[in-house]
Amino acid sequence: MDFLPLFHKLQDRLVLVVGGGEVAVRKARLLSDAGATLRVVAPDIREELREMAAARNGEVLLRDYQPTDLQGVALVIAATDDEPLYAQISAQAQALGIPVNVVDAPKLCSVIFPAIVDRSPLIVAITSGGDAPVLARLIRAKIETWIPAAYGQLAGLAKRFRAQVKGLFPDVQQRRVFWEDVFQGQVAESVFAGKLQEGQRLLEEKIAGIAPRTLGEVYLVGAGPGDPDLLTFRALRLMQQADVVLYDRLVAPAIIELCRRDAERIYVGKQRAEHAVPQQQINQRLVSLAKEGKRVLRLKGGDPFIFGRGGEEIEELAAHGIPFQVVPGITAASGCAAYAGIPLTHRDHAQSVRFVTGHLKDGSSDLPWSELTASSQTLVFYMGLVGLPMICQQLIAHGRAATTPAALIQQGTTQNQRVFTGTLANLAELVAEHEVHAPTLVIVGEVVQLREKLAWFEGAQASV
Ligand code: SAH
């Protein structure tokens, strides 16, 4: 180990920054965040640096570095590109036993800046010892995605109760088990969901020895349109901690794969007109699993609140007093439009967009056709494959131009994505000539023509 990671307490300590440019600003910002007082020395100093120094009673010296600048400082940062000068600063600081960092010259450093993930009071620092800073930054980016932003708040909550818990459990082992349960259980989950007060209440109950809640919780999570990369961080985290997963046909197998390995998986899939498990039964299932104390993940394609019956499911949960949270997902309209190169709105072509169900119950009468004909409006039909000929006909019959561009997107965002483009007059015919696989989405409007210029993603099969 070439460097020992230690965390430096700089609150109100004086730090010398030699240099007044961009690099100095970056370092100074970190130092200010850590509460340091700055002494900045350089012939030319940026305004931001002056402000940072002034904010904490620091000083700004508009001249070249002098060895006396080292007096009384806890740390030295040389952020100048003057090589003889920074070698000199490094030697003089080290002779006085002052930690020194020379930007981009690891050999002259006695301390180095790590890549930082800041969830104060929780801080993660990563270094490659100056050998591969880009690698350290990449690892940091990964860790950023693993640690929910609210971890800092969770740590803050733990800090407030630390002494009390220590008094309660003198035994280290018992204490460890207690905190593990807090950080992996409902207390943490409440904090991550933004319910800090509820988290605190649960922690207080736990400390008071009140029997742990026997109720589980339901996570209603949007899994996006298919590409697993389009999951949200929160979706992924909840997928990895739920005890039971209920999913339907729209959720891609690659996404189910990301659920906790030992979680029970229950398929409640629905095909058009063939409801594998009636909705009421799914609702009741969610309730009974949660009542058994399980953490239940209800995974839905796209977004749970867009043609997803998410509302109906949580109404039932609410009626039974079962805690739940809803995680939005990328809805098929957004996913398919993006991957097909069709902006849903555009200043020149569409001032609004409307998501419409294309599942026509009794022929065509149940859609407000006359509201769908404005030429500056993009229409997105979900569940519109079977009704496509009828949809196109009705739109034309109610006054939308037969030449209006229209597209059908099959299995958008996945490797099987295929896009059929035509007009209201010929799209249905074009689609009928090909073997098309569900799910499909239909987009109608002038914006469809932009695909010619903006298409960037192609699945394995050619588009038509
Ligand atoms: N809650 C989902 C929609 C469920 S309704 C969401 O927000 O996306 C089911 C319809 O969604 C399908 O009939 C189809 O029209 C559309 N759909 C979902 N995923 C799709 C995909 N990857 N490609 C094309 N259409 C999709």
# chains A, B, ... in the order shown; residues from 1 in each chain; ligands from 1
call {"tool": "residues_near_ligand", "arguments": {"ligand": "ligand 1", "cutoff": "9 Å", "atoms": "only C-alpha atoms and all ligand atoms", "output": "ChimeraX atom specification"}}
result
/A:222-227,250-252,272,300-310,328-336,357-359,380-385,408-414,417,438-442
call {"tool": "write_last_selection", "arguments": {"atoms": "N, CA and C atoms", "output": "compact mmCIF listing (two decimals), in the first residue's frame"}}
result
# COMPACT_ATOMS: atom_id res chain seq x y z
N GLY A 222 -41.88 0.67 -11.77
CA GLY A 222 -41.87 0.70 -13.24
C GLY A 222 -40.55 0.16 -13.74
N ALA A 223 -40.64 -0.83 -14.64
CA ALA A 223 -39.41 -1.48 -15.11
C ALA A 223 -38.95 -0.92 -16.45
N GLY A 224 -39.65 0.09 -16.97
CA GLY A 224 -39.25 0.66 -18.24
C GLY A 224 -39.69 -0.22 -19.41
N PRO A 225 -39.36 0.21 -20.62
CA PRO A 225 -39.90 -0.44 -21.81
C PRO A 225 -39.18 -1.70 -22.25
N GLY A 226 -38.04 -2.04 -21.68
CA GLY A 226 -37.39 -3.29 -22.11
C GLY A 226 -35.89 -3.30 -21.89
N ASP A 227 -35.21 -2.25 -22.34
CA ASP A 227 -33.76 -2.21 -22.17
C ASP A 227 -33.45 -2.08 -20.66
N LEU A 250 -45.04 -8.02 -19.83
CA LEU A 250 -44.31 -6.91 -20.43
C LEU A 250 -42.89 -6.76 -19.89
N VAL A 251 -42.63 -7.35 -18.73
CA VAL A 251 -41.32 -7.15 -18.13
C VAL A 251 -40.32 -8.13 -18.76
N ALA A 252 -39.28 -7.57 -19.38
CA ALA A 252 -38.32 -8.39 -20.13
C ALA A 252 -37.58 -9.35 -19.20
N ARG A 272 -53.31 -9.99 -24.25
CA ARG A 272 -54.53 -9.30 -24.67
C ARG A 272 -55.71 -10.27 -24.59
N LYS A 300 -43.77 -3.67 -13.03
CA LYS A 300 -44.66 -3.38 -14.16
C LYS A 300 -43.85 -2.90 -15.34
N GLY A 301 -44.28 -3.24 -16.54
CA GLY A 301 -43.61 -2.70 -17.72
C GLY A 301 -43.83 -1.20 -17.78
N GLY A 302 -42.84 -0.47 -18.28
CA GLY A 302 -43.00 0.98 -18.47
C GLY A 302 -43.17 1.70 -17.15
N ASP A 303 -44.18 2.54 -17.10
CA ASP A 303 -44.48 3.29 -15.88
C ASP A 303 -45.75 2.73 -15.26
N PRO A 304 -45.76 2.53 -13.94
CA PRO A 304 -46.93 1.87 -13.33
C PRO A 304 -48.21 2.71 -13.40
N PHE A 305 -48.06 4.02 -13.58
CA PHE A 305 -49.25 4.88 -13.58
C PHE A 305 -49.71 5.22 -15.00
N ILE A 306 -49.11 4.61 -16.00
CA ILE A 306 -49.59 4.87 -17.36
C ILE A 306 -50.09 3.56 -17.95
N PHE A 307 -51.38 3.45 -18.11
CA PHE A 307 -52.02 2.23 -18.59
C PHE A 307 -51.47 0.99 -17.87
N GLY A 308 -51.23 1.13 -16.59
CA GLY A 308 -50.59 0.03 -15.88
C GLY A 308 -51.43 -0.51 -14.73
N ARG A 309 -52.58 0.05 -14.51
CA ARG A 309 -53.45 -0.36 -13.41
C ARG A 309 -52.77 -0.23 -12.05
N GLY A 310 -51.68 0.53 -12.04
CA GLY A 310 -50.95 0.72 -10.77
C GLY A 310 -51.86 1.35 -9.75
N PRO A 328 -41.49 5.49 -10.42
CA PRO A 328 -41.83 5.68 -11.83
C PRO A 328 -40.85 4.97 -12.75
N GLY A 329 -41.32 4.64 -13.93
CA GLY A 329 -40.44 4.02 -14.92
C GLY A 329 -40.56 4.79 -16.22
N ILE A 330 -39.68 4.49 -17.14
CA ILE A 330 -39.78 5.14 -18.45
C ILE A 330 -40.93 4.48 -19.20
N THR A 331 -41.91 5.27 -19.55
CA THR A 331 -43.07 4.70 -20.22
C THR A 331 -42.74 4.39 -21.69
N ALA A 332 -43.52 3.44 -22.26
CA ALA A 332 -43.23 3.00 -23.63
C ALA A 332 -43.15 4.19 -24.59
N ALA A 333 -44.01 5.20 -24.41
CA ALA A 333 -44.00 6.33 -25.34
C ALA A 333 -42.64 7.01 -25.33
N SER A 334 -42.09 7.26 -24.15
CA SER A 334 -40.78 7.93 -24.08
C SER A 334 -39.68 7.03 -24.62
N GLY A 335 -39.71 5.77 -24.19
CA GLY A 335 -38.65 4.84 -24.60
C GLY A 335 -38.67 4.62 -26.11
N CYS A 336 -39.84 4.30 -26.66
CA CYS A 336 -39.93 3.99 -28.09
C CYS A 336 -39.61 5.23 -28.92
N THR A 357 -55.30 5.06 -25.24
CA THR A 357 -55.38 3.60 -25.33
C THR A 357 -55.98 3.22 -26.68
N GLY A 358 -55.35 2.27 -27.34
CA GLY A 358 -55.86 1.84 -28.64
C GLY A 358 -56.67 0.57 -28.51
N HIS A 359 -56.89 0.17 -27.27
CA HIS A 359 -57.68 -1.04 -27.01
C HIS A 359 -59.15 -0.64 -27.08
N VAL A 380 -50.01 9.14 -29.26
CA VAL A 380 -49.33 7.87 -29.03
C VAL A 380 -50.37 6.86 -28.60
N PHE A 381 -50.52 5.80 -29.38
CA PHE A 381 -51.50 4.76 -29.04
C PHE A 381 -50.80 3.58 -28.41
N TYR A 382 -51.18 3.27 -27.18
CA TYR A 382 -50.75 2.04 -26.52
C TYR A 382 -51.77 0.97 -26.89
N MET A 383 -51.34 -0.28 -26.93
CA MET A 383 -52.25 -1.40 -27.18
C MET A 383 -53.03 -1.19 -28.48
N GLY A 384 -52.35 -0.70 -29.52
CA GLY A 384 -53.09 -0.29 -30.71
C GLY A 384 -52.89 -1.17 -31.93
N LEU A 385 -52.28 -2.35 -31.77
CA LEU A 385 -51.98 -3.15 -32.96
C LEU A 385 -53.25 -3.69 -33.62
N LEU A 408 -45.27 2.63 -36.45
CA LEU A 408 -45.55 1.59 -35.47
C LEU A 408 -44.19 1.04 -35.02
N ILE A 409 -44.00 0.99 -33.71
CA ILE A 409 -42.72 0.53 -33.17
C ILE A 409 -42.93 -0.78 -32.44
N GLN A 410 -42.23 -1.78 -32.89
CA GLN A 410 -42.34 -3.10 -32.26
C GLN A 410 -41.22 -3.24 -31.23
N GLN A 411 -41.55 -3.75 -30.06
CA GLN A 411 -40.57 -4.07 -29.01
C GLN A 411 -39.49 -3.00 -28.87
N GLY A 412 -39.97 -1.76 -28.70
CA GLY A 412 -39.06 -0.62 -28.64
C GLY A 412 -38.00 -0.76 -27.56
N THR A 413 -36.85 -0.21 -27.82
CA THR A 413 -35.65 -0.15 -26.94
C THR A 413 -34.92 -1.48 -26.82
N THR A 414 -35.46 -2.55 -27.42
CA THR A 414 -34.77 -3.84 -27.30
C THR A 414 -34.07 -4.18 -28.62
N GLN A 417 -36.23 -4.35 -31.67
CA GLN A 417 -36.98 -3.16 -32.12
C GLN A 417 -37.05 -3.11 -33.65
N ALA A 438 -45.67 -8.33 -30.65
CA ALA A 438 -46.04 -7.44 -29.54
C ALA A 438 -44.85 -7.34 -28.56
N PRO A 439 -44.79 -6.30 -27.78
CA PRO A 439 -45.70 -5.16 -27.76
C PRO A 439 -45.37 -4.14 -28.85
N THR A 440 -46.38 -3.43 -29.27
CA THR A 440 -46.16 -2.39 -30.28
C THR A 440 -46.82 -1.09 -29.86
N LEU A 441 -46.27 -0.02 -30.36
CA LEU A 441 -46.77 1.31 -30.02
C LEU A 441 -46.93 2.08 -31.33
N VAL A 442 -47.98 2.89 -31.40
CA VAL A 442 -48.21 3.66 -32.63
C VAL A 442 -48.06 5.15 -32.33
call {"tool": "select_by_dssp", "arguments": {"residues": "range 250-336 of chain A", "states": "strand (DSSP E or B)", "output": "ChimeraX atom specification"}}
result
/A:264-267,270-271,274-275,295-300,302,324-327
call {"tool": "write_last_selection", "arguments": {"atoms": "N, CA and C atoms", "output": "PDB file, in the first residue's frame"}}
result
ATOM      1  N   GLU A 264     -38.758 -15.076  -4.349  1.00  0.00           N
ATOM      2  CA  GLU A 264     -39.790 -15.883  -4.992  1.00  0.00           C
ATOM      3  C   GLU A 264     -40.358 -15.089  -6.177  1.00  0.00           C
ATOM      4  N   ARG A 265     -40.510 -15.746  -7.331  1.00  0.00           N
ATOM      5  CA  ARG A 265     -40.996 -15.017  -8.508  1.00  0.00           C
ATOM      6  C   ARG A 265     -42.370 -15.530  -8.919  1.00  0.00           C
ATOM      7  N   ILE A 266     -43.312 -14.639  -9.016  1.00  0.00           N
ATOM      8  CA  ILE A 266     -44.677 -15.048  -9.352  1.00  0.00           C
ATOM      9  C   ILE A 266     -45.112 -14.357 -10.636  1.00  0.00           C
ATOM     10  N   TYR A 267     -45.454 -15.164 -11.633  1.00  0.00           N
ATOM     11  CA  TYR A 267     -45.899 -14.601 -12.915  1.00  0.00           C
ATOM     12  C   TYR A 267     -47.394 -14.346 -12.868  1.00  0.00           C
ATOM     13  N   LYS A 270     -50.371 -11.003 -18.294  1.00  0.00           N
ATOM     14  CA  LYS A 270     -51.633 -10.833 -19.011  1.00  0.00           C
ATOM     15  C   LYS A 270     -51.332 -10.761 -20.488  1.00  0.00           C
ATOM     16  N   GLN A 271     -52.070 -11.490 -21.281  1.00  0.00           N
ATOM     17  CA  GLN A 271     -52.012 -11.312 -22.715  1.00  0.00           C
ATOM     18  C   GLN A 271     -53.305 -10.597 -23.062  1.00  0.00           C
ATOM     19  N   GLU A 274     -56.796 -12.130 -22.571  1.00  0.00           N
ATOM     20  CA  GLU A 274     -56.669 -13.391 -21.844  1.00  0.00           C
ATOM     21  C   GLU A 274     -55.980 -13.036 -20.523  1.00  0.00           C
ATOM     22  N   HIS A 275     -56.779 -12.735 -19.553  1.00  0.00           N
ATOM     23  CA  HIS A 275     -56.211 -12.261 -18.295  1.00  0.00           C
ATOM     24  C   HIS A 275     -55.760 -13.450 -17.462  1.00  0.00           C
ATOM     25  N   ARG A 295     -41.551  -8.239   1.853  1.00  0.00           N
ATOM     26  CA  ARG A 295     -41.320  -7.057   1.023  1.00  0.00           C
ATOM     27  C   ARG A 295     -41.640  -7.484  -0.397  1.00  0.00           C
ATOM     28  N   VAL A 296     -42.712  -6.913  -0.914  1.00  0.00           N
ATOM     29  CA  VAL A 296     -43.270  -7.399  -2.179  1.00  0.00           C
ATOM     30  C   VAL A 296     -42.986  -6.415  -3.303  1.00  0.00           C
ATOM     31  N   LEU A 297     -42.374  -6.913  -4.359  1.00  0.00           N
ATOM     32  CA  LEU A 297     -42.100  -6.055  -5.505  1.00  0.00           C
ATOM     33  C   LEU A 297     -43.141  -6.323  -6.578  1.00  0.00           C
ATOM     34  N   ARG A 298     -43.892  -5.293  -6.932  1.00  0.00           N
ATOM     35  CA  ARG A 298     -44.839  -5.440  -8.034  1.00  0.00           C
ATOM     36  C   ARG A 298     -44.191  -4.736  -9.217  1.00  0.00           C
ATOM     37  N   LEU A 299     -43.658  -5.548 -10.127  1.00  0.00           N
ATOM     38  CA  LEU A 299     -42.881  -5.006 -11.227  1.00  0.00           C
ATOM     39  C   LEU A 299     -43.773  -4.878 -12.456  1.00  0.00           C
ATOM     40  N   LYS A 300     -43.771  -3.673 -13.027  1.00  0.00           N
ATOM     41  CA  LYS A 300     -44.660  -3.379 -14.158  1.00  0.00           C
ATOM     42  C   LYS A 300     -43.848  -2.896 -15.338  1.00  0.00           C
ATOM     43  N   GLY A 302     -42.844  -0.466 -18.283  1.00  0.00           N
ATOM     44  CA  GLY A 302     -43.002   0.983 -18.468  1.00  0.00           C
ATOM     45  C   GLY A 302     -43.173   1.699 -17.152  1.00  0.00           C
ATOM     46  N   PHE A 324     -46.753   1.337   1.083  1.00  0.00           N
ATOM     47  CA  PHE A 324     -46.288   1.085  -0.283  1.00  0.00           C
ATOM     48  C   PHE A 324     -45.520   2.290  -0.781  1.00  0.00           C
ATOM     49  N   GLN A 325     -44.732   2.085  -1.800  1.00  0.00           N
ATOM     50  CA  GLN A 325     -44.139   3.213  -2.509  1.00  0.00           C
ATOM     51  C   GLN A 325     -44.186   2.940  -3.998  1.00  0.00           C
ATOM     52  N   VAL A 326     -44.195   4.015  -4.770  1.00  0.00           N
ATOM     53  CA  VAL A 326     -44.328   3.899  -6.217  1.00  0.00           C
ATOM     54  C   VAL A 326     -43.066   4.449  -6.877  1.00  0.00           C
ATOM     55  N   VAL A 327     -42.466   3.660  -7.738  1.00  0.00           N
ATOM     56  CA  VAL A 327     -41.254   4.101  -8.433  1.00  0.00           C
ATOM     57  C   VAL A 327     -41.583   4.261  -9.917  1.00  0.00           C
TER      58      VAL A 327
END
call {"tool": "residues_around", "arguments": {"residues": "Ala158 in chain A", "least_positions_apart": "3", "cutoff": "10 Å", "atoms": "only C-alpha atoms", "output": "ChimeraX atom specification"}}
result
/A:152-155,161-163,165,179,182-183,200,203
call {"tool": "write_last_selection", "arguments": {"atoms": "N, CA and C atoms", "output": "PDB file, in the first residue's frame"}}
result
ATOM      1  N   GLY A 152     -26.655   9.727   3.144  1.00  0.00           N
ATOM      2  CA  GLY A 152     -26.157  10.721   4.095  1.00  0.00           C
ATOM      3  C   GLY A 152     -27.181  10.951   5.193  1.00  0.00           C
ATOM      4  N   GLN A 153     -28.453  11.053   4.784  1.00  0.00           N
ATOM      5  CA  GLN A 153     -29.510  11.285   5.780  1.00  0.00           C
ATOM      6  C   GLN A 153     -29.646  10.094   6.719  1.00  0.00           C
ATOM      7  N   LEU A 154     -29.463   8.908   6.162  1.00  0.00           N
ATOM      8  CA  LEU A 154     -29.549   7.713   6.997  1.00  0.00           C
ATOM      9  C   LEU A 154     -28.416   7.713   8.026  1.00  0.00           C
ATOM     10  N   ALA A 155     -27.220   8.063   7.552  1.00  0.00           N
ATOM     11  CA  ALA A 155     -26.077   8.126   8.473  1.00  0.00           C
ATOM     12  C   ALA A 155     -26.326   9.194   9.537  1.00  0.00           C
ATOM     13  N   PHE A 161     -28.813   8.699  17.103  1.00  0.00           N
ATOM     14  CA  PHE A 161     -29.240   7.660  18.060  1.00  0.00           C
ATOM     15  C   PHE A 161     -28.092   6.758  18.513  1.00  0.00           C
ATOM     16  N   ARG A 162     -26.884   7.105  18.057  1.00  0.00           N
ATOM     17  CA  ARG A 162     -25.766   6.203  18.280  1.00  0.00           C
ATOM     18  C   ARG A 162     -25.500   5.964  19.766  1.00  0.00           C
ATOM     19  N   ALA A 163     -25.416   7.067  20.523  1.00  0.00           N
ATOM     20  CA  ALA A 163     -25.080   6.943  21.942  1.00  0.00           C
ATOM     21  C   ALA A 163     -26.146   6.122  22.666  1.00  0.00           C
ATOM     22  N   VAL A 165     -28.162   3.860  21.483  1.00  0.00           N
ATOM     23  CA  VAL A 165     -28.108   2.439  21.133  1.00  0.00           C
ATOM     24  C   VAL A 165     -26.912   1.771  21.812  1.00  0.00           C
ATOM     25  N   TRP A 179     -27.811  -2.538  14.152  1.00  0.00           N
ATOM     26  CA  TRP A 179     -27.596  -1.536  13.094  1.00  0.00           C
ATOM     27  C   TRP A 179     -27.745  -2.149  11.711  1.00  0.00           C
ATOM     28  N   VAL A 182     -31.246  -2.047  10.928  1.00  0.00           N
ATOM     29  CA  VAL A 182     -31.705  -0.687  10.636  1.00  0.00           C
ATOM     30  C   VAL A 182     -31.330  -0.305   9.197  1.00  0.00           C
ATOM     31  N   PHE A 183     -30.067  -0.598   8.830  1.00  0.00           N
ATOM     32  CA  PHE A 183     -29.574  -0.131   7.531  1.00  0.00           C
ATOM     33  C   PHE A 183     -30.089  -0.960   6.353  1.00  0.00           C
ATOM     34  N   GLN A 200     -37.420   7.835  11.229  1.00  0.00           N
ATOM     35  CA  GLN A 200     -37.056   8.126  12.622  1.00  0.00           C
ATOM     36  C   GLN A 200     -38.032   7.458  13.600  1.00  0.00           C
ATOM     37  N   LEU A 203     -37.285   3.839  13.848  1.00  0.00           N
ATOM     38  CA  LEU A 203     -36.063   3.609  14.614  1.00  0.00           C
ATOM     39  C   LEU A 203     -36.337   3.776  16.107  1.00  0.00           C
TER      40      LEU A 203
END
call {"tool": "residues_around", "arguments": {"residues": "range 80-93 of chain A", "least_positions_apart": "4", "cutoff": "8 Å", "atoms": "only C-alpha atoms", "output": "JSON, numbers by chain"}}
result
{"A": [18, 19, 20, 21, 24, 67, 70, 76, 97, 98, 99, 100, 101, 102, 103, 108, 109]}
call {"tool": "select_by_dssp", "arguments": {"residues": "range 210-443 of chain A", "states": "helix (DSSP H, G or I)", "output": "ChimeraX atom specification"}}
result
/A:228-230,233-239,253-256,279-291,310-319,332-340,369-372,388-397,427-432
